[in-house]
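Visitor: Take a look at the following structure, please.
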Amino acid sequence: MHAAEWVALASGVVALIAAGVSALQARTASESAKHSKQQAQAADEQVRIAREQLQQAERVHRDQLELAQQIHREQNEPYVVVDLAADQPGTGLVALIVHNSGPTMARDVRIRFTPELESSLPQLTPRVRNALSRPISMLPPGRRLVYPFDTHQRWDAGNLPMEFDVTVDATGPAGPVEQLTYKIDLQVLAESLGGERPHKRIESSLGEIAGKVEELAIKYGKANSEAIRAENRREREEWEERQRRQSAEGSNE
């Protein structure tokens with residue numbers, strides 16, 4: 001081969017090698033770009049997951065804070081209960097009872113009965129309706145208001161409602177208290193109104209007092225047994241001495 005041909009061949013080989021190197025570099029660059037893109041996508045995914053975890057943690061913290069605030073508020077709220085019940089069992093008297101069993105003052109207490117209260121005793125109907133017609137401005141903890149409402153005659157009348165829907169609204173130290181709604185069924189009182197003697201509470205209290213007095217007497221006797229025995233001996237000796245004197249006087253006569 002001539003020199004020119006060798007030169008041309010060498011140039012072709014060099015060009016071919018250069019083309020291969022260029023193709024390899026292009027492939028390497030493409031793979032590098034693809035890998036970089038994957039890394040960027042992975043980084044974006046990690047950022048997204050971290051953001052979602054942060055948002056979830058914030059929601060959990062917010063919910064826990066709201067729950068703690070709600071529990072604290074409810075523990076310090078008044079709890080006003082309204083009932084129709086036998087205030088003195090055995091008397092047959094049914095009373096409207098309003099009681100604040102919560103730990104704080106209740107204000108602006110508003111009570112609604114559906115249907116409206118009506119007594120079998122005409123003179124009592126306007127009294128209970130008047131009591132419910134205006135808000136109770138304040139009801140301290142433990143306060144209990146009792147209004148005479150009806151008697152056992154209600155069950156004989158037959159034309160008066162026995163079930164009532166009750167709604168109670170009140171305001172506590174932190175603002176309005178959650179509305180309380182429930183149903184009262186007077187039929188559950190039908191058997192209990194006459195089931196207890198009017199003076200049973202007094203009898204029970206006297207029985208408790210008698211038991212305590214007896215217990216106190218036993219404890220006193222145990223604690224002072226020696227002194228009691230000495231006193232008994234002294235009284236017995238005095239009695240025997242009187243008997244001897246009376247016998248002696250009888251003999252002298």
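Scheme for the structure tokens: letters A, B, ... for chains in order shown; per-chain residue numbers from 1; ligand numbers from 1 in order shown.
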Quick check for you: according to DSSP on this backbone, which residues of region 58-204 of chain A are classed as alpha helix (DSSP H)? Reply as number ranges by chain.
Guide: A: 58-75, 125-133, 154-157, 200-204
Visitor: Set the distance at 7 Å and use only C-alpha atoms: which residues neighbour Pro148 (chain A) once local chain neighbours fewer than 5 positions away are removed? I'd like the list as a PyMOL selection string.
Guide: chain A and resi 94-96
Visitor: Which one is closest to Arg112 (chain A): A:Thr181, A:Pro126, A:Glu77, A:Trp155? Count only C-alpha atoms.
Guide: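 Once distances to Arg112 (chain A) are computed over only C-alpha atoms, the minimum belongs to A:Thr181.
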Visitor: From the set A:Lys183, A:His99, A:His152, A:Lys37, which residue has the shortest atom-to-atom contact distance to Phe164 (chain A), counting only C-alpha atoms?
Guide: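 Counting only C-alpha atoms, the residue closest to Phe164 (chain A) is A:Lys183.
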Visitor: DSSP on the backbone: which residues in region 130-167 of chain A end up as strand (DSSP E or B)? Give the answer as an MDAnalysis selection string.
Guide: chainID A and resid 136:139 144:151 163:167
Visitor: Would you mind telling me which residue in A:Ile111, A:Leu124, A:Ala248, A:Met162 lies nearest to Val80 (chain A) when using only C-alpha atoms?
Guide: A:Ile111
Visitor: Show me, as a list in words, the residues that have an atom within 9 Å of Gln179 (chain A) when counting only C-alpha atoms, minus same-chain residues fewer than 3 positions from it.
Guide: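 Selected residues are Thr167, Val168, Asp169, Ala170 and Pro176 of chain A.
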Visitor: Looking at A:Thr171, A:Ser119, A:Gln46, A:Gln53, which one is nearest to Arg154 (chain A), with distances taken over only C-alpha atoms?
Guide: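 Going through A:Thr171, A:Ser119, A:Gln46, A:Gln53 one by one, the smallest distance to Arg154 (chain A) is for A:Ser119.
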Visitor: Between CA of Ile209 (chain A) and CA of Leu145 (chain A), what is the spacing in Å?
Guide: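 Separation between CA of Leu145 (chain A) and CA of Ile209 (chain A): 28.6 Å.
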Visitor: Measuring atom to atom with only C-alpha atoms, identify which of A:Ala40, A:Ala131, A:Ala174, A:Ala57 is nearest to Asn76 (chain A).
Guide: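 Once distances to Asn76 (chain A) are computed over only C-alpha atoms, the minimum belongs to A:Ala174.
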